[in-house]
>>> print(open('run_28.txt').read())   # compact mmCIF, C-alpha atoms and all ligand atoms
# COMPACT_ATOMS: atom_id res chain seq x y z
CA MET W 80 71.88 -178.54 -99.12
CA ALA W 81 72.11 -180.52 -95.87
CA GLU W 82 75.37 -180.55 -93.98
CA SER W 83 77.46 -183.69 -94.14
CA THR W 84 75.59 -186.25 -92.06
CA ASP W 85 76.50 -189.75 -91.01
CA CYS W 86 73.52 -191.49 -92.49
CA HIS W 87 74.09 -194.66 -90.52
CA LYS W 88 73.51 -192.71 -87.30
CA ALA W 89 70.69 -190.52 -88.50
CA GLN W 90 68.69 -192.53 -91.04
CA GLN W 91 65.59 -190.48 -90.36
CA ASP W 92 67.03 -187.07 -91.31
CA CYS W 93 69.47 -188.27 -93.90
CA PRO W 94 68.88 -186.91 -97.44
CA LYS W 95 67.34 -189.59 -99.65
CA VAL W 96 67.82 -190.62 -103.25
CA LEU W 97 64.52 -191.98 -104.52
CA ILE W 98 64.53 -195.10 -106.72
CA LEU W 99 61.20 -195.99 -108.34
CA LYS W 100 62.23 -199.31 -109.87
CA PRO W 101 65.25 -201.59 -109.33
CA ILE W 102 68.09 -200.53 -111.60
CA PRO W 103 68.95 -203.41 -113.93
CA PHE W 104 72.45 -204.92 -113.64
CA ILE W 105 73.99 -202.47 -111.19
CA ASN W 106 73.25 -202.79 -107.53
CA LEU W 107 73.89 -199.33 -106.17
CA VAL W 108 71.83 -199.64 -103.08
CA GLY W 109 74.63 -201.34 -101.14
CA GLU W 110 76.65 -198.70 -99.30
CA GLN W 111 80.03 -200.02 -100.43
CA TYR W 112 80.39 -197.68 -103.42
CA PHE W 113 79.83 -194.46 -101.55
CA ALA W 114 82.56 -192.60 -99.74
CA SER W 115 80.76 -189.59 -98.30
CA ASN W 116 77.91 -191.16 -96.33
CA LYS W 117 75.82 -188.06 -97.02
CA PHE W 118 72.69 -189.81 -98.31
CA THR W 119 70.86 -193.11 -98.49
CA PHE W 120 68.55 -194.69 -101.04
CA LEU W 121 64.81 -194.87 -100.69
CA GLU W 122 63.32 -197.73 -102.67
CA ALA W 123 59.70 -196.85 -103.48
CA TYR W 124 59.09 -200.25 -105.08
CA ASP W 125 59.56 -201.99 -101.71
CA SER W 126 56.63 -200.13 -100.17
CA SER W 127 53.04 -201.38 -100.07
CA LEU W 128 51.80 -197.77 -100.16
CA PRO W 129 50.43 -196.34 -103.42
CA LEU W 130 53.19 -194.30 -105.05
CA HIS W 131 51.62 -190.86 -104.48
CA GLN W 132 51.09 -191.62 -100.79
CA PHE W 133 54.61 -192.98 -100.45
CA LEU W 134 56.07 -189.86 -102.05
CA SER W 135 53.99 -187.48 -99.94
CA THR W 136 55.09 -189.29 -96.78
CA HIS W 137 58.80 -189.09 -97.60
CA SER W 138 58.91 -185.88 -99.63
CA PRO W 139 60.77 -183.69 -97.07
CA SER W 140 63.82 -185.96 -97.16
CA ILE W 141 63.91 -186.76 -100.92
CA LYS W 142 66.64 -184.60 -102.46
CA ALA W 143 67.45 -186.59 -105.60
CA ILE W 144 65.94 -189.21 -107.92
CA LEU W 145 67.77 -192.05 -109.63
CA SER W 146 65.91 -193.04 -112.78
CA SER W 147 66.40 -195.70 -115.44
CA VAL W 148 64.82 -196.91 -118.69
CA GLY W 149 61.62 -198.83 -117.95
CA ALA W 150 61.09 -197.11 -114.57
CA PRO W 151 58.00 -194.91 -114.07
CA PRO W 152 58.55 -191.59 -115.86
CA ILE W 153 59.62 -188.58 -113.81
CA THR W 154 56.64 -186.42 -114.67
CA ALA W 155 55.75 -182.90 -113.52
CA ASP W 156 53.12 -184.54 -111.23
CA ILE W 157 55.78 -186.62 -109.48
CA LEU W 158 58.10 -183.63 -109.19
CA HIS W 159 55.30 -181.49 -107.71
CA LEU W 160 55.07 -183.96 -104.85
CA LEU W 161 58.81 -183.60 -104.23
CA PRO W 162 59.61 -179.93 -103.60
CA GLU W 163 63.05 -180.67 -102.13
CA VAL W 164 64.39 -182.52 -105.18
CA GLY W 165 67.46 -180.85 -106.69
CA LEU W 166 68.81 -183.61 -108.95
CA VAL W 167 67.54 -186.26 -111.35
CA VAL W 168 70.28 -188.69 -112.34
CA THR W 169 69.60 -191.38 -114.93
CA THR W 170 71.39 -194.57 -115.91
CA SER W 171 70.30 -193.96 -119.51
CA VAL W 172 71.59 -191.71 -122.25
CA GLY W 173 68.05 -190.96 -123.43
CA LEU W 174 66.03 -188.65 -121.17
CA ASN W 175 62.58 -189.01 -122.71
CA GLN W 176 61.31 -190.49 -119.42
CA VAL W 177 62.12 -187.24 -117.57
CA ASP W 178 60.04 -184.04 -117.82
CA LEU W 179 62.98 -181.83 -118.73
CA LEU W 180 60.86 -178.69 -119.06
CA GLU W 181 59.72 -179.03 -115.46
CA CYS W 182 63.30 -179.74 -114.33
CA ARG W 183 64.47 -176.62 -116.11
CA ARG W 184 61.60 -174.56 -114.66
CA ARG W 185 62.44 -175.69 -111.15
CA GLY W 186 66.23 -175.55 -111.67
CA ILE W 187 66.48 -179.27 -110.90
CA LYS W 188 69.84 -180.51 -112.17
CA VAL W 189 69.87 -183.46 -114.55
CA ALA W 190 72.71 -185.91 -115.23
CA ASN W 191 72.54 -188.77 -117.71
CA ALA W 192 74.88 -191.58 -118.79
CA GLY W 193 76.83 -189.17 -120.99
CA SER W 194 78.89 -190.93 -123.65
CA ILE W 195 79.57 -194.08 -121.65
CA PHE W 196 77.51 -196.31 -123.95
CA SER W 197 78.33 -194.68 -127.29
CA ASP W 198 80.80 -197.34 -128.45
CA ASP W 199 78.58 -200.23 -127.40
CA VAL W 200 75.51 -198.79 -129.09
CA ALA W 201 77.45 -197.95 -132.24
CA ASP W 202 78.90 -201.48 -132.39
CA PHE W 203 75.41 -202.89 -132.07
CA ALA W 204 73.97 -200.61 -134.76
CA VAL W 205 76.64 -201.79 -137.19
CA GLY W 206 75.98 -205.39 -136.11
CA LEU W 207 72.27 -205.00 -136.85
CA LEU W 208 73.01 -203.47 -140.24
CA ILE W 209 75.43 -206.23 -141.25
CA ASP W 210 72.96 -208.81 -140.01
CA VAL W 211 70.11 -207.38 -142.11
CA LEU W 212 72.21 -206.89 -145.24
CA ARG W 213 74.11 -210.19 -145.09
CA LYS W 214 71.20 -212.17 -143.57
CA VAL W 215 73.27 -213.52 -140.67
CA SER W 216 70.35 -214.35 -138.34
CA ALA W 217 68.15 -215.51 -141.20
CA SER W 218 70.77 -217.91 -142.58
CA ASP W 219 71.54 -219.10 -139.04
CA GLY W 220 67.84 -220.02 -138.70
CA TYR W 221 67.98 -221.75 -142.08
CA VAL W 222 70.90 -223.97 -141.03
CA ARG W 223 69.42 -224.74 -137.60
CA LYS W 224 66.11 -225.83 -139.12
CA GLY W 225 67.98 -228.33 -141.32
CA LEU W 226 66.90 -226.52 -144.49
CA TRP W 227 70.41 -226.30 -146.01
CA ALA W 228 70.42 -230.07 -146.55
CA THR W 229 66.83 -230.29 -147.77
CA LYS W 230 66.29 -227.05 -149.70
CA GLY W 231 69.83 -226.14 -150.83
CA ASP W 232 71.67 -222.84 -150.81
CA TYR W 233 70.32 -219.79 -149.01
CA PRO W 234 70.00 -216.51 -151.00
CA LEU W 235 73.05 -214.25 -150.75
CA GLY W 236 72.91 -210.94 -148.92
CA SER W 237 73.90 -207.49 -150.06
CA LYS W 238 77.32 -205.79 -149.69
CA LEU W 239 77.89 -203.23 -146.94
CA GLY W 240 80.87 -201.48 -148.60
CA GLY W 241 79.74 -198.64 -150.82
CA LYS W 242 76.34 -198.19 -149.19
CA ARG W 243 75.14 -194.63 -148.65
CA ILE W 244 74.39 -194.28 -144.96
CA GLY W 245 72.13 -191.57 -143.55
CA ILE W 246 72.66 -190.93 -139.85
CA VAL W 247 69.67 -189.34 -138.14
CA GLY W 248 71.09 -187.54 -135.10
CA LEU W 249 74.84 -186.94 -135.23
CA GLY W 250 75.59 -186.83 -131.49
CA ASN W 251 78.16 -189.06 -129.76
CA ILE W 252 76.42 -192.25 -130.85
CA GLY W 253 75.65 -191.13 -134.39
CA PHE W 254 79.22 -190.02 -134.83
CA ALA W 255 80.57 -193.35 -133.54
CA VAL W 256 78.30 -195.19 -136.01
CA ALA W 257 79.53 -192.96 -138.85
CA LYS W 258 83.21 -193.56 -138.00
CA ARG W 259 82.70 -197.33 -137.97
CA LEU W 260 80.82 -197.36 -141.26
CA GLU W 261 83.44 -195.14 -142.92
CA ALA W 262 85.92 -197.93 -142.18
CA PHE W 263 83.61 -200.25 -144.17
CA ARG W 264 83.93 -197.82 -147.12
CA CYS W 265 80.40 -196.51 -146.81
CA SER W 266 79.60 -192.88 -147.59
CA ILE W 267 78.01 -190.91 -144.78
CA SER W 268 75.52 -188.06 -144.70
CA TYR W 269 73.35 -186.88 -141.85
CA ASN W 270 70.35 -185.03 -140.51
CA SER W 271 70.49 -183.30 -137.15
CA ARG W 272 68.76 -180.43 -135.39
CA LYS W 273 71.53 -178.19 -136.76
CA ARG W 274 74.40 -178.54 -139.21
CA LYS W 275 77.60 -179.42 -137.32
CA PRO W 276 80.17 -176.75 -138.18
CA HIS W 277 83.22 -179.03 -137.95
CA VAL W 278 81.78 -182.06 -139.74
CA SER W 279 82.42 -182.58 -143.44
CA TYR W 280 79.67 -185.18 -144.06
CA PRO W 281 76.85 -183.78 -146.25
CA PHE W 282 74.02 -182.39 -144.13
CA TYR W 283 70.32 -182.64 -145.03
CA GLU W 284 67.94 -180.34 -143.27
CA SER W 285 65.01 -182.61 -144.08
CA VAL W 286 65.04 -186.26 -143.01
CA CYS W 287 62.98 -187.09 -146.10
CA GLU W 288 65.63 -185.64 -148.38
CA LEU W 289 68.30 -187.56 -146.46
CA ALA W 290 66.31 -190.79 -146.95
CA ALA W 291 65.92 -190.11 -150.68
CA ASN W 292 69.71 -189.89 -151.00
CA CYS W 293 70.62 -192.96 -148.92
CA ASP W 294 70.46 -196.76 -148.94
CA VAL W 295 70.34 -197.03 -145.15
CA LEU W 296 68.96 -194.84 -142.37
CA VAL W 297 70.41 -195.32 -138.88
CA ILE W 298 68.28 -193.67 -136.20
CA CYS W 299 70.53 -192.29 -133.44
CA CYS W 300 68.63 -189.20 -132.28
CA GLU W 301 66.77 -188.55 -129.03
CA LEU W 302 63.03 -189.02 -128.68
CA THR W 303 61.47 -185.57 -128.23
CA ASP W 304 58.18 -183.97 -129.24
CA GLN W 305 59.91 -182.96 -132.48
CA THR W 306 61.27 -186.43 -133.33
CA HIS W 307 58.18 -188.44 -132.27
CA HIS W 308 57.00 -190.37 -135.39
CA MET W 309 59.47 -188.36 -137.48
CA ILE W 310 60.25 -191.49 -139.53
CA ASN W 311 56.87 -192.06 -141.17
CA LYS W 312 55.58 -193.56 -144.41
CA GLU W 313 56.73 -190.55 -146.41
CA VAL W 314 60.33 -190.91 -145.17
CA LEU W 315 60.31 -194.69 -145.64
CA SER W 316 58.94 -194.36 -149.17
CA ALA W 317 61.74 -191.88 -149.90
CA LEU W 318 64.25 -194.48 -148.61
CA GLY W 319 62.79 -196.85 -151.18
CA LYS W 320 62.41 -200.54 -151.96
CA GLU W 321 66.12 -201.32 -151.55
CA GLY W 322 66.37 -199.27 -148.37
CA VAL W 323 67.14 -200.55 -144.88
CA ILE W 324 66.38 -198.88 -141.56
CA VAL W 325 68.25 -199.46 -138.29
CA ASN W 326 66.88 -198.07 -135.01
CA ILE W 327 68.95 -197.94 -131.84
CA GLY W 328 67.37 -194.65 -130.62
CA ARG W 329 63.82 -194.97 -129.31
CA GLY W 330 60.93 -196.90 -130.83
CA ALA W 331 58.55 -193.98 -131.10
CA ILE W 332 60.90 -192.01 -133.37
CA ILE W 333 59.55 -194.33 -136.08
CA HIS W 334 55.82 -194.51 -136.80
CA GLU W 335 55.83 -198.24 -136.08
CA LYS W 336 52.51 -199.09 -137.75
CA GLU W 337 53.58 -197.35 -140.96
CA MET W 338 56.99 -199.05 -140.87
CA VAL W 339 55.38 -202.49 -140.45
CA GLN W 340 53.07 -201.72 -143.37
CA CYS W 341 56.05 -200.67 -145.52
CA LEU W 342 57.88 -203.90 -144.63
CA VAL W 343 54.80 -206.06 -145.32
CA GLN W 344 54.26 -204.37 -148.69
CA GLY W 345 57.94 -204.50 -149.68
CA GLU W 346 58.24 -200.70 -149.75
CA ILE W 347 61.55 -200.96 -147.88
CA ALA W 348 63.97 -203.91 -147.97
CA GLY W 349 64.58 -204.60 -144.30
CA ALA W 350 65.04 -203.36 -140.75
CA GLY W 351 67.32 -203.88 -137.74
CA LEU W 352 65.40 -202.87 -134.63
CA ASP W 353 66.59 -202.73 -131.04
CA VAL W 354 63.80 -200.44 -129.81
CA PHE W 355 60.01 -200.43 -130.17
CA GLU W 356 57.09 -198.11 -129.52
CA ASN W 357 55.51 -200.16 -126.73
CA GLU W 358 58.30 -202.23 -125.23
CA PRO W 359 58.33 -205.11 -124.55
CA ASP W 360 55.55 -205.55 -127.13
CA VAL W 361 56.81 -206.08 -130.65
CA PRO W 362 54.43 -206.08 -133.66
CA LEU W 363 53.67 -209.72 -134.44
CA GLU W 364 54.00 -209.22 -138.19
CA LEU W 365 57.75 -208.67 -137.73
CA PHE W 366 58.31 -212.14 -136.22
CA ALA W 367 57.81 -213.90 -139.54
CA MET W 368 60.08 -211.62 -141.57
CA ASP W 369 63.54 -212.88 -142.56
CA ASN W 370 64.56 -209.38 -143.61
CA VAL W 371 64.03 -207.98 -140.10
CA VAL W 372 66.43 -208.45 -137.17
CA LEU W 373 64.99 -207.86 -133.70
CA SER W 374 66.66 -207.34 -130.33
CA PRO W 375 65.19 -206.45 -126.92
CA HIS W 376 66.63 -202.94 -126.27
CA VAL W 377 70.09 -204.31 -125.48
CA ALA W 378 72.30 -202.23 -127.80
CA VAL W 379 73.28 -200.12 -124.85
CA PHE W 380 74.48 -202.84 -122.53
CA THR W 381 77.78 -204.57 -121.94
CA PRO W 382 78.98 -205.60 -118.49
CA GLU W 383 82.14 -203.57 -119.11
CA SER W 384 80.15 -200.36 -119.60
CA PHE W 385 78.04 -201.06 -116.56
CA LEU W 386 81.09 -200.79 -114.36
CA ASP W 387 81.79 -197.37 -115.88
CA LEU W 388 78.12 -196.44 -115.48
CA ARG W 389 78.13 -197.38 -111.82
CA ASP W 390 81.18 -195.16 -111.29
CA LEU W 391 79.49 -192.30 -113.16
CA VAL W 392 76.22 -192.54 -111.21
CA VAL W 393 78.08 -192.76 -107.91
CA GLY W 394 80.28 -189.82 -108.99
CA ASN W 395 77.25 -187.70 -109.90
CA LEU W 396 75.48 -188.39 -106.62
CA GLU W 397 78.62 -187.77 -104.59
CA ALA W 398 79.22 -184.52 -106.48
CA PHE W 399 75.65 -183.29 -105.95
CA PHE W 400 75.66 -184.05 -102.22
CA SER W 401 79.09 -182.39 -101.87
CA ASN W 402 78.04 -179.28 -103.81
CA LYS W 403 80.51 -180.00 -106.62
CA PRO W 404 79.97 -179.90 -110.40
CA LEU W 405 78.19 -182.96 -111.83
CA LEU W 406 80.26 -185.32 -113.98
CA SER W 407 77.72 -185.67 -116.82
CA LYS W 408 75.39 -182.72 -116.48
CA PHE W 409 72.64 -182.41 -119.07
CA GLY W 410 71.17 -179.08 -120.17
CA ASP W 411 72.20 -175.48 -119.66
CA TRP W 412 70.37 -174.70 -116.40
O1 LIG W 501 68.44 -196.85 -124.32
C1 LIG W 501 69.19 -196.65 -123.44
C2 LIG W 501 69.71 -195.37 -123.06
O2 LIG W 501 69.15 -194.33 -123.44
O3 LIG W 501 70.70 -195.33 -122.31
>>> encode(input="run_28.txt", output="structure tokens")
Amino acid sequence: MAESTDCHKAQQDCPKVLILKPIPFINLVGEQYFASNKFTFLEAYDSSLPLHQFLSTHSPSIKAILSSVGAPPITADILHLLPEVGLVVTTSVGLNQVDLLECRRRGIKVANAGSIFSDDVADFAVGLLIDVLRKVSASDGYVRKGLWATKGDYPLGSKLGGKRIGIVGLGNIGFAVAKRLEAFRCSISYNSRKRKPHVSYPFYESVCELAANCDVLVICCELTDQTHHMINKEVLSALGKEGVIVNIGRGAIIHEKEMVQCLVQGEIAGAGLDVFENEPDVPLELFAMDNVVLSPHVAVFTPESFLDLRDLVVGNLEAFFSNKPLLSKFGDW
């Protein structure tokens, strides 16, 4: 680790934090948030050089990477070009854009957004579910198009209270969703990598079995090799014709083509989707469906949480460059 350096005086030698794409909503690049002056940012997207050439040119000074959703993934190839990197810090909770195996192999520390967004995401998941069940967006569209006056009453939605909710992934977010839905008098069960010893909700080892015993599946788990396309036709068929799926995790946890087919054929009742397999592309078939509520990967965001996120990112970088423990370290290496 480099000694404390005044980076204003010695820009050239100052340790750099690489940013591959502007970070939405928080402008960290201004110096005003940082107390220690031990590093500066290096914005790869401002360079006209091809990325590999840019990274090779600057690699001796790049000690950390700041990554976000939608930025180029931090692959093993990128990390190979950056032998001095000791930290990857992300503004996201999900880390599917980071090659964690390579980070572990190299001992590169990783810090994510921790639990900063859990309440916001959980609120949004419940909002999507209520919207699908009670047809909030669909009836809004009906009124706006003037159809109330010409076609009469809109069909009623279905009650939330009493629904059997299956949470897929009972981490911070899944747990926050469960707590909220308990207050609506729903019953909760879950699937997770492992049974949680201190949780009394029924646990299902198989996601298919969970689906067969629920009215609603809420996808809250991480996207990993194990969870990729885990929610497929078989799981959706087990959920059944009255079943609803809500996804605030990652698009590719659901086999999107099979889900669309199930929705088209009425094999499930509806969906609330904040995330998609190939964002920002959304399957066109979904646009015409009144029983589907769509949002553009915004469950995570509120301006209030972004202030907390900025503090967390700054805190993690300051800690790393001061040789102190990270505030939201991920992993056990
Ligand atoms: O989706 C957003 C996140 O993982 O923070």
>>> residues_near_ligand(input="run_28.txt", ligand="ligand LIG 501 (chain W)", cutoff="8 Å", atoms="only C-alpha atoms and all ligand atoms", output="VMD selection string")
chain W and resid 148 170 to 174 192 196 327 to 329 376 to 379
>>> closest_residue(input="run_28.txt", among="W:Leu363, W:Cys182, W:Ile298, W:Ala348", to="Lys214 (chain W)", atoms="all atoms listed in the file")
W:Ala348
>>> residues_around(input="run_28.txt", residues="Ile244 (chain W)", least_positions_apart="5", cutoff="10 Å", atoms="all atoms listed in the file", output="PDB file with C-alpha atoms, in the frame of the given file")
ATOM      1  CA  LEU W 239      77.890-203.230-146.940  1.00  0.00           C
ATOM      2  CA  VAL W 256      78.300-195.190-136.010  1.00  0.00           C
ATOM      3  CA  ALA W 257      79.530-192.960-138.850  1.00  0.00           C
ATOM      4  CA  LEU W 260      80.820-197.360-141.260  1.00  0.00           C
ATOM      5  CA  GLU W 261      83.440-195.140-142.920  1.00  0.00           C
ATOM      6  CA  CYS W 265      80.400-196.510-146.810  1.00  0.00           C
ATOM      7  CA  SER W 266      79.600-192.880-147.590  1.00  0.00           C
ATOM      8  CA  ILE W 267      78.010-190.910-144.780  1.00  0.00           C
ATOM      9  CA  SER W 268      75.520-188.060-144.700  1.00  0.00           C
ATOM     10  CA  TYR W 269      73.350-186.880-141.850  1.00  0.00           C
ATOM     11  CA  LEU W 289      68.300-187.560-146.460  1.00  0.00           C
ATOM     12  CA  ALA W 290      66.310-190.790-146.950  1.00  0.00           C
ATOM     13  CA  ASN W 292      69.710-189.890-151.000  1.00  0.00           C
ATOM     14  CA  CYS W 293      70.620-192.960-148.920  1.00  0.00           C
ATOM     15  CA  ASP W 294      70.460-196.760-148.940  1.00  0.00           C
ATOM     16  CA  VAL W 295      70.340-197.030-145.150  1.00  0.00           C
ATOM     17  CA  LEU W 296      68.960-194.840-142.370  1.00  0.00           C
ATOM     18  CA  VAL W 297      70.410-195.320-138.880  1.00  0.00           C
ATOM     19  CA  VAL W 323      67.140-200.550-144.880  1.00  0.00           C
ATOM     20  CA  ILE W 324      66.380-198.880-141.560  1.00  0.00           C
TER      21      ILE W 324
END
>>> atom_distance(input="run_28.txt", atom1="CA of Ser194 (chain W)", atom2="CA of Leu158 (chain W)")
26.4 Å
>>> residues_near_point(input="run_28.txt", point="(70.2, -191.8, -109.3)", cutoff="6 Å", atoms="all atoms listed in the file", output="list of chain:residue names")
W:Ile144, W:Leu145, W:Ser146, W:Val168, W:Thr169
>>> atom_distance(input="run_28.txt", atom1="CA of Leu99 (chain W)", atom2="CA of Gln132 (chain W)")
13.4 Å
>>> residues_around(input="run_28.txt", residues="Val339 (chain W)", least_positions_apart="3", cutoff="10 Å", atoms="all atoms listed in the file", output="PyMOL selection string")
chain W and resi 312+334-336+342-347+350+362-365
>>> residues_around(input="run_28.txt", residues="Pro382 (chain W)", least_positions_apart="3", cutoff="10 Å", atoms="all atoms listed in the file", output="count of residues only")
6
>>> atom_distance(input="run_28.txt", atom1="CA of Phe400 (chain W)", atom2="CA of Ala155 (chain W)")
22.9 Å
>>> closest_residue(input="run_28.txt", among="W:Phe380, W:Trp412, W:Tyr233, W:Phe203", to="Ala217 (chain W)", atoms="only C-alpha atoms")
W:Tyr233
>>> axis_aligned_box(input="run_28.txt", around="region 221-227 of chain W", padding_each_side="3 Å", output="lines of an AutoDock Vina configuration file")
center_x = 68.5
center_y = -225.0
center_z = -141.8
size_x = 10.8
size_y = 12.6
size_z = 14.4
>>> residues_around(input="run_28.txt", residues="Phe118 (chain W)", least_positions_apart="3", cutoff="6 Å", atoms="all atoms listed in the file", output="MDAnalysis selection string")
chainID W and resid 93:95
>>> residues_around(input="run_28.txt", residues="Leu352 (chain W)", least_positions_apart="2", cutoff="8 Å", atoms="all atoms listed in the file", output="MDAnalysis selection string")
chainID W and resid 207 325:327 350 354:355 371:374
>>> closest_residue(input="run_28.txt", among="W:Ile153, W:Ile195, W:Ile98, W:Cys300", to="Leu121 (chain W)", atoms="only C-alpha atoms")
W:Ile98
>>> closest_residue(input="run_28.txt", among="W:Asp411, W:Glu321, W:Glu337, W:Glu301", to="Asn175 (chain W)", atoms="all atoms listed in the file")
W:Glu301
>>> closest_residue(input="run_28.txt", among="W:Lys403, W:Pro101, W:Lys142, W:His137", to="Glu122 (chain W)", atoms="all atoms listed in the file")
W:Pro101
>>> build_atoms(input="run_28.txt", residues="region 381-388 of chain W", atoms="all heavy atoms", output="compact mmCIF listing (two decimals), in the coordinates of the input")
# COMPACT_ATOMS: atom_id res chain seq x y z
N THR W 381 76.77 -203.51 -122.11
CA THR W 381 77.78 -204.57 -121.94
C THR W 381 78.19 -204.52 -120.47
O THR W 381 78.15 -203.44 -119.86
CB THR W 381 79.04 -204.37 -122.81
OG1 THR W 381 79.68 -203.16 -122.42
CG2 THR W 381 78.74 -204.36 -124.30
N PRO W 382 78.58 -205.64 -119.90
CA PRO W 382 78.98 -205.60 -118.49
C PRO W 382 80.13 -204.63 -118.26
O PRO W 382 80.20 -203.97 -117.23
CB PRO W 382 79.43 -207.04 -118.22
CG PRO W 382 78.78 -207.86 -119.27
CD PRO W 382 78.61 -206.98 -120.47
N GLU W 383 81.01 -204.50 -119.27
CA GLU W 383 82.14 -203.57 -119.11
C GLU W 383 81.64 -202.14 -118.93
O GLU W 383 82.13 -201.39 -118.09
CB GLU W 383 83.07 -203.63 -120.33
CG GLU W 383 83.82 -204.93 -120.48
CD GLU W 383 83.02 -205.97 -121.28
OE1 GLU W 383 81.78 -205.83 -121.41
OE2 GLU W 383 83.64 -206.92 -121.76
N SER W 384 80.63 -201.74 -119.73
CA SER W 384 80.15 -200.36 -119.60
C SER W 384 79.39 -200.16 -118.31
O SER W 384 79.30 -199.04 -117.81
CB SER W 384 79.20 -199.97 -120.73
OG SER W 384 79.58 -200.51 -121.90
N PHE W 385 78.79 -201.22 -117.81
CA PHE W 385 78.04 -201.06 -116.56
C PHE W 385 78.94 -200.70 -115.39
O PHE W 385 78.53 -199.98 -114.49
CB PHE W 385 77.17 -202.28 -116.27
CG PHE W 385 75.79 -202.06 -116.76
CD1 PHE W 385 75.35 -202.63 -117.93
CD2 PHE W 385 74.94 -201.20 -116.07
CE1 PHE W 385 74.09 -202.38 -118.40
CE2 PHE W 385 73.67 -200.94 -116.55
CZ PHE W 385 73.24 -201.53 -117.71
N LEU W 386 80.16 -201.20 -115.43
CA LEU W 386 81.09 -200.79 -114.36
C LEU W 386 81.35 -199.29 -114.46
O LEU W 386 81.34 -198.58 -113.45
CB LEU W 386 82.41 -201.57 -114.46
CG LEU W 386 82.30 -203.08 -114.24
CD1 LEU W 386 83.66 -203.75 -114.39
CD2 LEU W 386 81.72 -203.37 -112.85
N ASP W 387 81.55 -198.82 -115.70
CA ASP W 387 81.79 -197.37 -115.88
C ASP W 387 80.54 -196.59 -115.47
O ASP W 387 80.64 -195.51 -114.88
CB ASP W 387 82.10 -197.05 -117.35
CG ASP W 387 83.40 -197.68 -117.81
OD1 ASP W 387 84.23 -198.01 -116.93
OD2 ASP W 387 83.58 -197.85 -119.02
N LEU W 388 79.38 -197.13 -115.81
CA LEU W 388 78.12 -196.44 -115.48
C LEU W 388 77.96 -196.33 -113.97
O LEU W 388 77.58 -195.27 -113.45
CB LEU W 388 76.93 -197.20 -116.07
CG LEU W 388 75.57 -196.61 -115.71
CD1 LEU W 388 75.40 -195.22 -116.32
CD2 LEU W 388 74.44 -197.51 -116.17
